[in-house]
Amino acid sequence: MAQAVVVQKGNPTSFMPLKVFQQIPEKAPADWISRALLNPPDRWLLRELFSSVAVLVGSGTWHPSSERLRAIRRESIETTLDNDIELEVRRSSLQLFRALQGTGTSGAARALPPGATPELLYLAKADGAGDQQIARYQGISARVAAEIQAVGLRSQSKWARGEDPGLGVILQLCLFGRSDDLRSASTSILTSSGYVDLLRAVLARDLNSGKLHEDRLVARAFIRMFGKVAAGPGDGGALLRVVCSEHIDIDTRIQA
């Protein structure tokens with residue numbers, strides 16, 4: 001039944017079975033999913049197909065043939081380097097390539113040309129890599145965490161006992177994490193917490209300020225997170241202004 005839903009062309013929810021299988025990879029029809037990636041029934045599914053195969057690779061429960069792995073590796077890097085493919089799909093294809101190379105290595109970074117999209121160059125970095133860019137994103141996450149707690153201290157007296165040292169770490173994983181599954185898990189934790197309304201207010205203010213668009217990666221990270229917590233016409237208006245702006249790059253507008 002799940003496979004029948006996935007192959008329904010034009011069905012806007014056809015990707016949902018893949019999202020489920022990403023949570024329970026041991027139950028996923030791994031061979032079928034990997035074949036679908038190499039011959040997708042609908043290009044709409046590409047992002048989730050790449051993400052699903054990345055989860056399968058990382059699960060340790062799937063043991064494909066060397067030939068299948070070579071084909072998947074070739075597909076993932078070719079997609080990552082194809083500038084005509086939307087960025088969100090290329091993000092997922094790079095995530096799969098990193099999983100195949102080993103996320104703790106610099107193999108993915110070496111595969112990208114020097115002129116690659118800055119977001120892809122960032123996502124290709126090995127885990128544990130430290131540089132000015134990563135330090136900057138740590139600072140942004142800490143700033144957002146501090147602003148959330150500053151509002152919280154005024155609105156909820158129970159927070160007056162002190163800061164939440166874990167909030168900045170969770171925010172960094174949600175906004176700038178290079179692992180799709182870890183970013184997804186962290187986002188679920190944050191969006192299920194009491195911080196949701198405060199997070200929405202801080203992100204909405206930053207999106208409305210227009211300053212985010214000086215760094216496309218930051219803008220897309222905030223929009224991606226905002227999409228998880230946005231509610232009501234005011235938040236819709238903030239996103240619509242991004243979508244309709246001719247001064248913002250197309251990938252960011254697509255994200256919005």
# chains A, B, ... in the order shown; residues from 1 in each chain; ligands from 1
$ residues_around --residues "Thr117 in chain A" --least-positions-apart "6" --cutoff "10 Å" --atoms "only C-alpha atoms" --output "list in words"
Thr80, Leu81, Asn83, Leu87 and Leu217 of chain A
$ write_last_selection --atoms "N, CA, C and O atoms" --output "mmCIF file, in the first residue's frame"
data_model
loop_
_atom_site.group_PDB
_atom_site.id
_atom_site.type_symbol
_atom_site.label_atom_id
_atom_site.label_comp_id
_atom_site.auth_asym_id
_atom_site.auth_seq_id
_atom_site.Cartn_x
_atom_site.Cartn_y
_atom_site.Cartn_z
ATOM 1 N N THR A 80 24.065 16.553 -6.841
ATOM 2 C CA THR A 80 24.612 17.645 -6.036
ATOM 3 C C THR A 80 25.270 18.705 -6.909
ATOM 4 O O THR A 80 25.177 19.912 -6.626
ATOM 5 N N LEU A 81 25.916 18.288 -7.974
ATOM 6 C CA LEU A 81 26.660 19.219 -8.828
ATOM 7 C C LEU A 81 25.810 19.823 -9.938
ATOM 8 O O LEU A 81 26.300 20.667 -10.699
ATOM 9 N N ASN A 83 23.451 22.306 -11.251
ATOM 10 C CA ASN A 83 22.916 23.613 -10.866
ATOM 11 C C ASN A 83 21.482 23.833 -11.329
ATOM 12 O O ASN A 83 20.834 24.795 -10.909
ATOM 13 N N LEU A 87 17.733 23.565 -4.975
ATOM 14 C CA LEU A 87 18.722 23.435 -3.909
ATOM 15 C C LEU A 87 18.302 22.426 -2.843
ATOM 16 O O LEU A 87 19.140 21.694 -2.307
ATOM 17 N N LEU A 217 22.323 31.430 3.341
ATOM 18 C CA LEU A 217 22.217 30.218 4.151
ATOM 19 C C LEU A 217 21.457 30.502 5.434
ATOM 20 O O LEU A 217 20.600 29.710 5.846
#
$ residues_around --residues "Ile170 in chain A" --least-positions-apart "2" --cutoff "10 Å" --atoms "only C-alpha atoms" --output "ChimeraX atom specification"
/A:141-142,145,165-168,172-177,183,185-187,189-190
$ write_last_selection --atoms "N, CA and C atoms" --output "PDB file, in the first residue's frame"
ATOM      1  N   SER A 141      22.999  31.299  16.644  1.00  0.00           N
ATOM      2  CA  SER A 141      22.126  30.433  17.440  1.00  0.00           C
ATOM      3  C   SER A 141      22.072  30.891  18.889  1.00  0.00           C
ATOM      4  N   ALA A 142      23.229  31.284  19.429  1.00  0.00           N
ATOM      5  CA  ALA A 142      23.283  31.767  20.809  1.00  0.00           C
ATOM      6  C   ALA A 142      22.505  33.069  20.956  1.00  0.00           C
ATOM      7  N   ALA A 145      18.801  32.236  20.943  1.00  0.00           N
ATOM      8  CA  ALA A 145      18.456  31.621  22.222  1.00  0.00           C
ATOM      9  C   ALA A 145      18.338  32.672  23.320  1.00  0.00           C
ATOM     10  N   PRO A 165      20.874  26.384  29.258  1.00  0.00           N
ATOM     11  CA  PRO A 165      22.127  26.235  28.513  1.00  0.00           C
ATOM     12  C   PRO A 165      22.001  25.339  27.278  1.00  0.00           C
ATOM     13  N   GLY A 166      20.944  24.534  27.228  1.00  0.00           N
ATOM     14  CA  GLY A 166      20.797  23.631  26.089  1.00  0.00           C
ATOM     15  C   GLY A 166      20.088  24.247  24.899  1.00  0.00           C
ATOM     16  N   LEU A 167      19.427  25.381  25.090  1.00  0.00           N
ATOM     17  CA  LEU A 167      18.628  25.955  24.009  1.00  0.00           C
ATOM     18  C   LEU A 167      19.481  26.364  22.819  1.00  0.00           C
ATOM     19  N   GLY A 168      20.615  27.000  23.079  1.00  0.00           N
ATOM     20  CA  GLY A 168      21.488  27.417  21.980  1.00  0.00           C
ATOM     21  C   GLY A 168      22.010  26.232  21.181  1.00  0.00           C
ATOM     22  N   GLN A 172      21.192  25.511  17.239  1.00  0.00           N
ATOM     23  CA  GLN A 172      22.240  25.355  16.233  1.00  0.00           C
ATOM     24  C   GLN A 172      22.005  24.097  15.395  1.00  0.00           C
ATOM     25  N   LEU A 173      21.592  23.003  16.045  1.00  0.00           N
ATOM     26  CA  LEU A 173      21.294  21.770  15.312  1.00  0.00           C
ATOM     27  C   LEU A 173      20.096  21.966  14.391  1.00  0.00           C
ATOM     28  N   CYS A 174      19.074  22.684  14.875  1.00  0.00           N
ATOM     29  CA  CYS A 174      17.873  22.918  14.066  1.00  0.00           C
ATOM     30  C   CYS A 174      18.154  23.812  12.864  1.00  0.00           C
ATOM     31  N   LEU A 175      18.895  24.869  13.089  1.00  0.00           N
ATOM     32  CA  LEU A 175      19.118  25.865  12.042  1.00  0.00           C
ATOM     33  C   LEU A 175      20.263  25.498  11.104  1.00  0.00           C
ATOM     34  N   PHE A 176      21.365  24.999  11.670  1.00  0.00           N
ATOM     35  CA  PHE A 176      22.577  24.842  10.869  1.00  0.00           C
ATOM     36  C   PHE A 176      23.187  23.441  10.933  1.00  0.00           C
ATOM     37  N   GLY A 177      22.438  22.486  11.460  1.00  0.00           N
ATOM     38  CA  GLY A 177      22.955  21.125  11.521  1.00  0.00           C
ATOM     39  C   GLY A 177      23.187  20.548  10.132  1.00  0.00           C
ATOM     40  N   ARG A 183      19.032  17.003  12.535  1.00  0.00           N
ATOM     41  CA  ARG A 183      18.333  18.292  12.484  1.00  0.00           C
ATOM     42  C   ARG A 183      16.826  18.078  12.654  1.00  0.00           C
ATOM     43  N   ALA A 185      15.313  15.561  14.212  1.00  0.00           N
ATOM     44  CA  ALA A 185      15.030  15.168  15.594  1.00  0.00           C
ATOM     45  C   ALA A 185      15.085  16.369  16.528  1.00  0.00           C
ATOM     46  N   SER A 186      16.084  17.235  16.336  1.00  0.00           N
ATOM     47  CA  SER A 186      16.220  18.427  17.183  1.00  0.00           C
ATOM     48  C   SER A 186      15.046  19.375  16.975  1.00  0.00           C
ATOM     49  N   THR A 187      14.606  19.491  15.732  1.00  0.00           N
ATOM     50  CA  THR A 187      13.471  20.358  15.427  1.00  0.00           C
ATOM     51  C   THR A 187      12.209  19.846  16.109  1.00  0.00           C
ATOM     52  N   ILE A 189      12.060  18.198  18.883  1.00  0.00           N
ATOM     53  CA  ILE A 189      12.178  18.516  20.312  1.00  0.00           C
ATOM     54  C   ILE A 189      11.800  19.974  20.561  1.00  0.00           C
ATOM     55  N   LEU A 190      12.323  20.873  19.729  1.00  0.00           N
ATOM     56  CA  LEU A 190      12.100  22.302  19.946  1.00  0.00           C
ATOM     57  C   LEU A 190      10.649  22.691  19.691  1.00  0.00           C
TER      58      LEU A 190
END
$ select_by_dssp --residues "range 6-213 of chain A" --states "helix (DSSP H, G or I)" --output "number ranges by chain"
A: 6, 16-23, 25-27, 30-38, 43-59, 66-80, 87-101, 107-111, 118-123, 132-155, 157-161, 167-176, 180-191, 196-209, 211-213
$ atom_distance --atom1 "CA of Phe21 in chain A" --atom2 "CA of Gln95 in chain A"
16.9 Å
$ atom_distance --atom1 "CA of Leu94 in chain A" --atom2 "CA of Ser76 in chain A"
6.5 Å
